[in-house]
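Asker: Right, I'll just put the structure down here and ask away after.
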Amino acid sequence: MIIDLNDLEEGFTDLDFEELPEDIHIDDESLQFSSPVKTRLSFYKLGESLSVQGQSSVSLGMDCVRCLESTALSLDTRFKFVFQKGRPDNVVDGDDDSLIWLDDRGDKVDLGQDIKDYILLEIPQNPVCTESCAGICPNCGENLNANPCTCKEESIDPRWEALRAIKE
Ligand SMILES: [Zn+2]
Ligand SMILES: [Zn+2]
């Protein structure tokens, strides 16, 4: 997703991209993307300053952490950056991730570098197929969404078992 600043007209420009995850530097092989990354960008160029707003959509397959079934996720990420040339000498790259000084990067900006982190942040650490997923029975291994088992009724906490023994 390389943008040549010299190609952009002053004012507004909209651009659409469809790229493979690796093209925007997402090279985590454990992520199973099921489609290219779709990105819509709106630029506003004014002199040495370029604002970008955009949205990327990705689809990927992940295993539900509760039932371990593969589940399809669609994620949308929104982002906003300001690229600026002419960094004053007394200003260093600060904490503001959305303000990017272009002095060291030249006129060709690889936006994938900046967008990738936003996409990766959106990917859940503990994906679930549905919020109400009942998971797998730790006792018999049955997927409880499909086949509710009877283990709960049968299993008795050993501490209760001990109490019962005392009573009897
Ligand atoms: Zn699940
Ligand atoms: Zn069970």
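Following the order of the structure tokens, first chain is A, next is B, and so on, with residues numbered from 1 inside each chain and ligands from 1 in the order they appear.
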Would you pick out the contacts of segment 34-44 of chain A at 8 Å or less, using only C-alpha atoms, so that residues sharing its chain but fewer than 2 positions from it are not included, and give the list as a PyMOL selection string?
Answerer: chain A and resi 10-21+32+46+50-61
Asker: Give me every strand (DSSP E) residue in chain A, going by DSSP on the backbone, as a PyMOL selection string.
Answerer: chain A and resi 2-4+11-19+32-33+37-46+49-63+70-84+99-101+108-110
Asker: Report as CSV: every residue of chain A with an atom at most 12 Å from ligand 2, its closest pair of atoms, and their distance in Å to one decimal, counting only C-alpha atoms and all ligand atoms, with rows sorted by chain and ascending residue number.
Answerer:
```
residue,atom,partner,partner_atom_place_in_ligand_line,distance
A:Ala134,CA,ligand 2,1 (Zn),11.6
A:Gly135,CA,ligand 2,1 (Zn),10.6
A:Ile136,CA,ligand 2,1 (Zn),7.8
A:Cys137,CA,ligand 2,1 (Zn),4.5
A:Pro138,CA,ligand 2,1 (Zn),6.6
A:Asn139,CA,ligand 2,1 (Zn),4.9
A:Cys140,CA,ligand 2,1 (Zn),4.0
A:Gly141,CA,ligand 2,1 (Zn),6.1
A:Glu142,CA,ligand 2,1 (Zn),5.7
A:Asn143,CA,ligand 2,1 (Zn),8.4
A:Leu144,CA,ligand 2,1 (Zn),7.8
A:Asn145,CA,ligand 2,1 (Zn),11.6
A:Ala146,CA,ligand 2,1 (Zn),11.8
A:Asn147,CA,ligand 2,1 (Zn),9.0
A:Pro148,CA,ligand 2,1 (Zn),7.4
A:Cys149,CA,ligand 2,1 (Zn),4.6
A:Thr150,CA,ligand 2,1 (Zn),5.9
A:Cys151,CA,ligand 2,1 (Zn),4.2
A:Lys152,CA,ligand 2,1 (Zn),6.9
A:Glu153,CA,ligand 2,1 (Zn),9.5
A:Glu154,CA,ligand 2,1 (Zn),9.1
A:Ser155,CA,ligand 2,1 (Zn),9.1
```
Asker: List as CSV every residue of chain A that is in contact with ligand 1, defined as an atom at most 7 Å from one of its atoms (using only C-alpha atoms and all ligand atoms), together with the nearest atom pair and the distance in Å rounded to one decimal, sorted by chain and then rising number.
Answerer:
```
residue,atom,partner,partner_atom_place_in_ligand_line,distance
A:Cys64,CA,ligand 1,1 (Zn),4.7
A:Val65,CA,ligand 1,1 (Zn),6.6
A:Arg66,CA,ligand 1,1 (Zn),5.0
A:Cys67,CA,ligand 1,1 (Zn),4.0
A:Leu68,CA,ligand 1,1 (Zn),6.2
A:Glu69,CA,ligand 1,1 (Zn),6.0
A:Val128,CA,ligand 1,1 (Zn),5.2
A:Cys129,CA,ligand 1,1 (Zn),4.3
A:Thr130,CA,ligand 1,1 (Zn),6.1
A:Cys133,CA,ligand 1,1 (Zn),4.6
A:Ala134,CA,ligand 1,1 (Zn),6.7
A:Gly135,CA,ligand 1,1 (Zn),5.5
```
Asker: Next, dump the selected residues to file, keeping only N, CA and C atoms, as a PDB file, in the first residue's frame.
Answerer:
```
ATOM      1  N   CYS A  64     -12.462 -21.292  18.004  1.00  0.00           N
ATOM      2  CA  CYS A  64     -13.120 -20.819  19.223  1.00  0.00           C
ATOM      3  C   CYS A  64     -12.374 -21.395  20.429  1.00  0.00           C
ATOM      4  N   VAL A  65     -12.056 -20.525  21.403  1.00  0.00           N
ATOM      5  CA  VAL A  65     -11.280 -21.014  22.557  1.00  0.00           C
ATOM      6  C   VAL A  65     -12.115 -21.896  23.484  1.00  0.00           C
ATOM      7  N   ARG A  66     -13.428 -21.861  23.330  1.00  0.00           N
ATOM      8  CA  ARG A  66     -14.250 -22.697  24.223  1.00  0.00           C
ATOM      9  C   ARG A  66     -14.561 -24.058  23.602  1.00  0.00           C
ATOM     10  N   CYS A  67     -15.046 -24.056  22.343  1.00  0.00           N
ATOM     11  CA  CYS A  67     -15.453 -25.337  21.754  1.00  0.00           C
ATOM     12  C   CYS A  67     -14.447 -25.848  20.732  1.00  0.00           C
ATOM     13  N   LEU A  68     -13.431 -25.038  20.404  1.00  0.00           N
ATOM     14  CA  LEU A  68     -12.356 -25.411  19.485  1.00  0.00           C
ATOM     15  C   LEU A  68     -12.806 -25.574  18.041  1.00  0.00           C
ATOM     16  N   GLU A  69     -14.063 -25.251  17.741  1.00  0.00           N
ATOM     17  CA  GLU A  69     -14.522 -25.300  16.354  1.00  0.00           C
ATOM     18  C   GLU A  69     -13.979 -24.079  15.630  1.00  0.00           C
ATOM     19  N   VAL A 128     -14.315 -16.339  20.324  1.00  0.00           N
ATOM     20  CA  VAL A 128     -15.387 -17.299  20.587  1.00  0.00           C
ATOM     21  C   VAL A 128     -16.328 -17.320  19.389  1.00  0.00           C
ATOM     22  N   CYS A 129     -16.924 -18.500  19.120  1.00  0.00           N
ATOM     23  CA  CYS A 129     -17.806 -18.632  17.953  1.00  0.00           C
ATOM     24  C   CYS A 129     -19.069 -17.802  18.185  1.00  0.00           C
ATOM     25  N   THR A 130     -19.621 -17.864  19.385  1.00  0.00           N
ATOM     26  CA  THR A 130     -20.713 -16.979  19.791  1.00  0.00           C
ATOM     27  C   THR A 130     -20.486 -16.668  21.262  1.00  0.00           C
ATOM     28  N   CYS A 133     -21.387 -19.451  23.532  1.00  0.00           N
ATOM     29  CA  CYS A 133     -20.818 -20.788  23.291  1.00  0.00           C
ATOM     30  C   CYS A 133     -20.651 -21.537  24.607  1.00  0.00           C
ATOM     31  N   ALA A 134     -21.165 -22.763  24.649  1.00  0.00           N
ATOM     32  CA  ALA A 134     -21.132 -23.533  25.892  1.00  0.00           C
ATOM     33  C   ALA A 134     -19.832 -24.308  26.057  1.00  0.00           C
ATOM     34  N   GLY A 135     -19.019 -24.370  25.002  1.00  0.00           N
ATOM     35  CA  GLY A 135     -17.715 -25.011  25.117  1.00  0.00           C
ATOM     36  C   GLY A 135     -17.784 -26.525  25.114  1.00  0.00           C
TER      37      GLY A 135
END
```
Asker: Here is a test: counting only C-alpha atoms, which residue of A:Val91, A:Leu5, A:Ile123, A:Ile166 is nearest to Leu75 of chain A?
Answerer: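 Distance minimum relative to Leu75 of chain A lands on A:Ile123.
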Asker: From the options A:Asp63, A:Ser49, A:Arg105, A:His25, which residue's atoms come nearest to Phe81 of chain A, counting only C-alpha atoms?
Answerer: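 Using only C-alpha atoms, Phe81 of chain A sits closest to A:Ser49.
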Asker: Please report the interatomic distance between atom CA of Lys85 of chain A and atom CA of Glu22 of chain A in Å with one decimal.
Answerer: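 Computing the Euclidean distance for atom CA of Lys85 of chain A and atom CA of Glu22 of chain A yields 28.0 Å.
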Asker: Quote the spacing between atom CA of Met1 of chain A and atom CA of Ile24 of chain A in Å to one decimal place.
Answerer: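 It comes out at 6.6 Å.
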